[in-house]
>>> print(open('upload.txt').read())   # compact mmCIF, C-alpha atoms
# COMPACT_ATOMS: atom_id res chain seq x y z
CA GLN L 1 145.14 123.01 125.75
CA LYS L 2 145.22 124.71 122.40
CA GLU L 3 141.73 125.34 121.04
CA VAL L 4 139.94 127.01 118.21
CA GLU L 5 136.33 127.91 118.87
CA GLN L 6 133.59 128.70 116.41
CA ASN L 7 129.89 129.36 116.73
CA SER L 8 128.35 126.18 115.36
CA GLY L 9 125.41 128.09 113.89
CA PRO L 10 123.47 127.47 111.84
CA LEU L 11 123.93 130.85 110.22
CA SER L 12 121.43 131.83 107.57
CA VAL L 13 121.79 134.78 105.23
CA PRO L 14 119.81 135.82 102.15
CA GLU L 15 121.43 135.56 98.75
CA GLY L 16 123.53 138.63 97.98
CA ALA L 17 124.14 139.50 101.63
CA ILE L 18 127.43 139.43 103.54
CA ALA L 19 128.05 136.34 105.65
CA SER L 20 130.33 136.85 108.65
CA LEU L 21 132.01 133.83 110.24
CA ASN L 22 134.02 134.17 113.42
CA CYS L 23 136.65 132.19 115.24
CA THR L 24 138.68 132.65 118.42
CA TYR L 25 141.80 130.80 119.44
CA SER L 26 143.49 130.16 122.76
CA ASP L 27 147.18 129.83 121.89
CA ARG L 28 148.94 133.16 121.48
CA GLY L 29 151.79 131.25 119.85
CA SER L 30 149.62 130.32 116.90
CA GLN L 31 151.27 131.65 113.78
CA SER L 32 148.99 130.96 110.85
CA PHE L 33 145.27 130.64 110.30
CA PHE L 34 143.23 128.96 107.65
CA TRP L 35 139.63 128.82 106.51
CA TYR L 36 138.26 125.67 104.95
CA ARG L 37 134.89 124.99 103.37
CA GLN L 38 133.33 121.56 103.73
CA TYR L 39 130.29 120.52 101.77
CA SER L 40 128.19 117.74 103.23
CA GLY L 41 129.81 114.39 102.54
CA LYS L 42 132.96 115.96 101.13
CA SER L 43 136.42 116.69 102.48
CA PRO L 44 137.57 120.17 103.57
CA GLU L 45 138.65 122.54 100.82
CA LEU L 46 141.07 125.37 101.52
CA ILE L 47 139.60 128.84 100.98
CA MET L 48 142.17 131.19 102.46
CA SER L 49 145.17 131.45 104.70
CA ILE L 50 146.21 134.48 106.74
CA TYR L 51 149.47 134.97 108.58
CA SER L 52 149.62 138.61 109.69
CA ASN L 53 147.30 141.09 111.34
CA GLY L 54 144.80 142.86 109.12
CA ASP L 55 142.68 141.92 106.15
CA LYS L 56 143.36 139.65 103.23
CA GLU L 57 141.01 139.65 100.27
CA ASP L 58 140.51 137.03 97.60
CA GLY L 59 137.55 137.56 95.32
CA ARG L 60 134.37 137.55 97.40
CA PHE L 61 136.24 136.35 100.48
CA THR L 62 138.02 138.49 103.08
CA ALA L 63 139.89 137.00 106.01
CA GLN L 64 140.62 139.18 109.02
CA LEU L 65 143.15 138.47 111.76
CA ASN L 66 143.56 140.27 115.07
CA LYS L 67 146.31 138.60 117.08
CA ALA L 68 145.87 140.94 120.06
CA SER L 69 142.26 139.81 120.43
CA GLN L 70 143.02 136.24 119.24
CA TYR L 71 140.27 136.55 116.70
CA VAL L 72 139.93 135.44 113.09
CA SER L 73 137.00 136.06 110.81
CA LEU L 74 135.87 135.31 107.28
CA LEU L 75 133.55 137.59 105.35
CA ILE L 76 131.76 136.33 102.27
CA ARG L 77 130.37 139.12 100.11
CA ASP L 78 127.49 138.64 97.68
CA SER L 79 126.70 135.27 99.24
CA GLN L 80 125.46 132.61 96.84
CA PRO L 81 123.45 129.44 97.52
CA SER L 82 126.57 127.51 96.45
CA ASP L 83 128.34 128.98 99.50
CA SER L 84 126.06 126.90 101.74
CA ALA L 85 128.46 124.62 103.60
CA THR L 86 130.27 124.19 106.89
CA TYR L 87 133.23 126.53 107.35
CA LEU L 88 136.17 125.34 109.42
CA CYS L 89 138.68 127.65 111.05
CA ALA L 90 142.14 126.27 111.80
CA GLY L 91 145.16 127.61 113.62
CA ASN L 92 148.71 126.36 113.47
CA THR L 93 151.38 126.25 116.15
CA GLY L 94 154.55 124.64 114.92
CA ASN L 95 153.60 121.40 113.25
CA GLN L 96 150.20 121.04 114.85
CA PHE L 97 146.96 122.27 113.35
CA TYR L 98 143.91 122.91 115.52
CA PHE L 99 140.54 122.86 113.83
CA GLY L 100 137.33 124.36 115.09
CA THR L 101 134.17 122.29 114.89
CA GLY L 102 132.84 124.48 112.08
CA THR L 103 130.01 126.92 111.42
CA SER L 104 127.15 125.81 109.23
CA LEU L 105 126.15 128.47 106.70
CA THR L 106 122.95 128.44 104.66
CA VAL L 107 122.43 131.02 101.92
CA ILE L 108 118.74 131.40 101.18
CA PRO L 109 117.83 132.11 97.53
CA GLY P 1 148.77 118.67 89.24
CA ALA P 2 147.26 115.71 91.04
CA GLY P 3 145.84 116.28 94.48
CA VAL P 4 145.91 114.04 97.53
CA SER P 5 144.40 110.65 96.81
CA GLN P 6 143.09 108.07 99.26
CA SER P 7 141.98 104.50 98.92
CA PRO P 8 139.65 102.83 99.34
CA SER P 9 136.92 105.47 99.20
CA ASN P 10 134.63 103.24 101.24
CA LYS P 11 135.37 100.29 103.48
CA VAL P 12 132.89 98.12 105.32
CA THR P 13 134.41 95.64 107.75
CA GLU P 14 133.31 93.37 110.52
CA LYS P 15 134.12 94.16 114.12
CA GLY P 16 137.45 92.64 115.09
CA LYS P 17 138.98 92.69 111.60
CA ASP P 18 142.04 94.74 110.65
CA VAL P 19 141.89 97.46 108.01
CA GLU P 20 144.51 99.38 106.09
CA LEU P 21 143.90 102.81 104.61
CA ARG P 22 146.17 104.41 102.07
CA CYS P 23 147.12 108.01 101.31
CA ASP P 24 149.10 109.38 98.37
CA PRO P 25 150.15 112.96 99.12
CA ILE P 26 150.75 115.70 96.59
CA SER P 27 154.14 115.15 94.97
CA GLY P 28 156.85 117.09 96.76
CA HIS P 29 154.84 117.66 99.91
CA THR P 30 156.97 116.76 102.89
CA ALA P 31 154.29 116.96 105.60
CA LEU P 32 151.43 114.47 105.85
CA TYR P 33 148.58 114.40 108.37
CA TRP P 34 145.86 111.91 109.23
CA TYR P 35 142.57 113.00 110.77
CA ARG P 36 139.38 111.27 111.81
CA GLN P 37 135.97 112.85 111.41
CA ARG P 38 132.98 111.20 113.00
CA LEU P 39 129.54 111.99 111.62
CA GLY P 40 128.59 115.57 112.41
CA GLN P 41 131.80 116.17 114.32
CA GLY P 42 134.99 118.17 113.81
CA LEU P 43 138.39 116.95 112.69
CA GLU P 44 140.34 114.86 115.18
CA PHE P 45 144.12 114.87 114.66
CA LEU P 46 145.66 111.39 114.59
CA ILE P 47 149.27 111.49 113.39
CA TYR P 48 151.73 113.74 111.55
CA PHE P 49 154.74 112.84 109.39
CA GLN P 50 157.48 115.22 108.30
CA GLY P 51 160.15 113.90 105.98
CA ASN P 52 162.30 111.32 107.72
CA SER P 53 161.68 112.70 111.21
CA ALA P 54 159.98 110.64 113.87
CA PRO P 55 156.20 110.99 113.47
CA ASP P 56 154.03 112.86 115.95
CA LYS P 57 151.70 110.11 117.16
CA SER P 58 150.12 112.12 119.95
CA GLY P 59 146.62 111.93 118.47
CA LEU P 60 146.36 108.18 118.01
CA PRO P 61 143.43 107.08 120.21
CA SER P 62 144.75 103.63 121.14
CA ASP P 63 147.47 101.13 120.37
CA ARG P 64 145.15 99.53 117.82
CA PHE P 65 146.01 102.45 115.54
CA SER P 66 149.33 102.72 113.73
CA ALA P 67 150.63 104.46 110.65
CA GLU P 68 153.67 104.34 108.44
CA ARG P 69 155.15 106.51 105.78
CA THR P 70 158.09 105.72 103.55
CA GLY P 71 160.15 108.85 102.99
CA GLU P 72 157.97 111.54 101.48
CA SER P 73 155.58 109.24 99.69
CA VAL P 74 152.65 107.00 100.46
CA SER P 75 151.32 106.57 103.96
CA THR P 76 149.18 103.77 105.37
CA LEU P 77 146.98 103.94 108.45
CA THR P 78 146.25 100.57 110.02
CA ILE P 79 143.50 99.89 112.51
CA GLN P 80 143.68 96.51 114.22
CA ARG P 81 140.74 94.69 115.78
CA THR P 82 138.28 97.31 114.59
CA GLN P 83 135.47 98.43 116.89
CA GLN P 84 132.18 100.08 116.02
CA GLU P 85 133.41 103.38 117.45
CA ASP P 86 136.10 103.39 114.75
CA SER P 87 133.40 104.09 112.16
CA ALA P 88 134.21 107.50 110.69
CA VAL P 89 135.72 109.23 107.70
CA TYR P 90 139.51 109.11 107.76
CA LEU P 91 141.07 112.10 106.06
CA CYS P 92 144.61 112.55 104.88
CA ALA P 93 146.15 115.94 104.17
CA SER P 94 149.55 117.07 102.93
CA SER P 95 151.41 120.35 102.90
CA SER P 96 154.56 121.52 101.16
CA ARG P 97 156.24 122.12 104.51
CA PRO P 98 155.25 122.06 108.19
CA GLY P 99 152.72 124.72 109.11
CA ASP P 100 151.82 125.53 105.53
CA GLU P 101 148.38 125.17 104.00
CA GLN P 102 147.04 121.64 104.11
CA TYR P 103 145.31 120.03 101.18
CA PHE P 104 142.91 117.22 101.92
CA GLY P 105 142.20 114.00 100.11
CA PRO P 106 138.63 112.79 99.52
CA GLY P 107 138.72 110.57 102.60
CA THR P 108 137.98 106.94 103.34
CA ARG P 109 134.59 106.22 104.88
CA LEU P 110 135.02 103.31 107.28
CA THR P 111 132.00 101.45 108.57
CA VAL P 112 132.48 98.76 111.20
CA THR P 113 129.50 96.40 111.51
>>> encode(input="upload.txt", output="structure tokens")
Amino acid sequence: QKEVEQNSGPLSVPEGAIASLNCTYSDRGSQSFFWYRQYSGKSPELIMSIYSNGDKEDGRFTAQLNKASQYVSLLIRDSQPSDSATYLCAGNTGNQFYFGTGTSLTVIP
Amino acid sequence: GAGVSQSPSNKVTEKGKDVELRCDPISGHTALYWYRQRLGQGLEFLIYFQGNSAPDKSGLPSDRFSAERTGESVSTLTIQRTQQEDSAVYLCASSSRPGDEQYFGPGTRLTVT
């Protein structure tokens, strides 16, 4: 069974620190990976996608993919209280997407 | 451009009634997905449409659930004889092609009393 696993947290970091969110996946055939942010009571919002090994940076966000270790991570630099949310990791194999259950992040002012 | 829209935003229904939920994908997006999210839980895949291909219904939890999509436009998710365990937020997402980034609508919050 294809799975994406995340530490449910909660993860707390002080404002201005780096938040590190991690995800592992079971299907070596997974081709693409996505990070979504979900505020309480809202729908998931796409933050980043990553398709190849290495790092991908977008503003304060950096996604990292290591296909050999089946590991995906999201780093949030200079964390802000507005970053407090649940972060969902998703992998894709063909047409199917597999979502993790999310990591709850709290940024403390 | 306009994002994914869903209606209604909230629906309260009595146990045993049928409900119909609607999703309007982003224009030009060929792939459309339905998910269910129970309170405090992760996303549960329900069904996937791609163009005029046969849908992937592998996530539908029972035969009370069905969905349709006409071409690459609107989709409706129908739940017959609703049960209390059907209470959840139903999310629709679309992507420009299979496997690409998905964009979610605001969801329909269904409450079965």
>>> interface_residues(input="upload.txt", of="chain P", to="chain L", cutoff="9 Å", atoms="only C-alpha atoms", output="mmCIF file with C-alpha atoms, keeping the file's coordinate frame")
data_model
loop_
_atom_site.group_PDB
_atom_site.id
_atom_site.type_symbol
_atom_site.label_atom_id
_atom_site.label_comp_id
_atom_site.auth_asym_id
_atom_site.auth_seq_id
_atom_site.Cartn_x
_atom_site.Cartn_y
_atom_site.Cartn_z
ATOM 1 C CA ALA P 31 154.290 116.960 105.600
ATOM 2 C CA GLN P 41 131.800 116.170 114.320
ATOM 3 C CA GLY P 42 134.990 118.170 113.810
ATOM 4 C CA LEU P 43 138.390 116.950 112.690
ATOM 5 C CA GLU P 44 140.340 114.860 115.180
ATOM 6 C CA PHE P 45 144.120 114.870 114.660
ATOM 7 C CA TYR P 48 151.730 113.740 111.550
ATOM 8 C CA GLN P 50 157.480 115.220 108.300
ATOM 9 C CA ASP P 56 154.030 112.860 115.950
ATOM 10 C CA LEU P 91 141.070 112.100 106.060
ATOM 11 C CA PRO P 98 155.250 122.060 108.190
ATOM 12 C CA GLY P 99 152.720 124.720 109.110
ATOM 13 C CA ASP P 100 151.820 125.530 105.530
ATOM 14 C CA GLU P 101 148.380 125.170 104.000
ATOM 15 C CA GLN P 102 147.040 121.640 104.110
ATOM 16 C CA TYR P 103 145.310 120.030 101.180
ATOM 17 C CA PHE P 104 142.910 117.220 101.920
ATOM 18 C CA GLY P 105 142.200 114.000 100.110
ATOM 19 C CA PRO P 106 138.630 112.790 99.520
ATOM 20 C CA GLY P 107 138.720 110.570 102.600
#
>>> residues_near_point(input="upload.txt", point="(127.0, 127.7, 107.7)", cutoff="7 Å", atoms="all atoms listed in the file", output="number ranges by chain")
L: 9-12, 84-87, 103-106
>>> residues_around(input="upload.txt", residues="range 3-10 of chain P", least_positions_apart="2", cutoff="6 Å", atoms="only C-alpha atoms", output="NGL selection string")
:P and (22-26 or 105 or 108-109)
>>> atom_distance(input="upload.txt", atom1="CA of Ser30 in chain L", atom2="CA of Ser58 in chain P")
18.5 Å
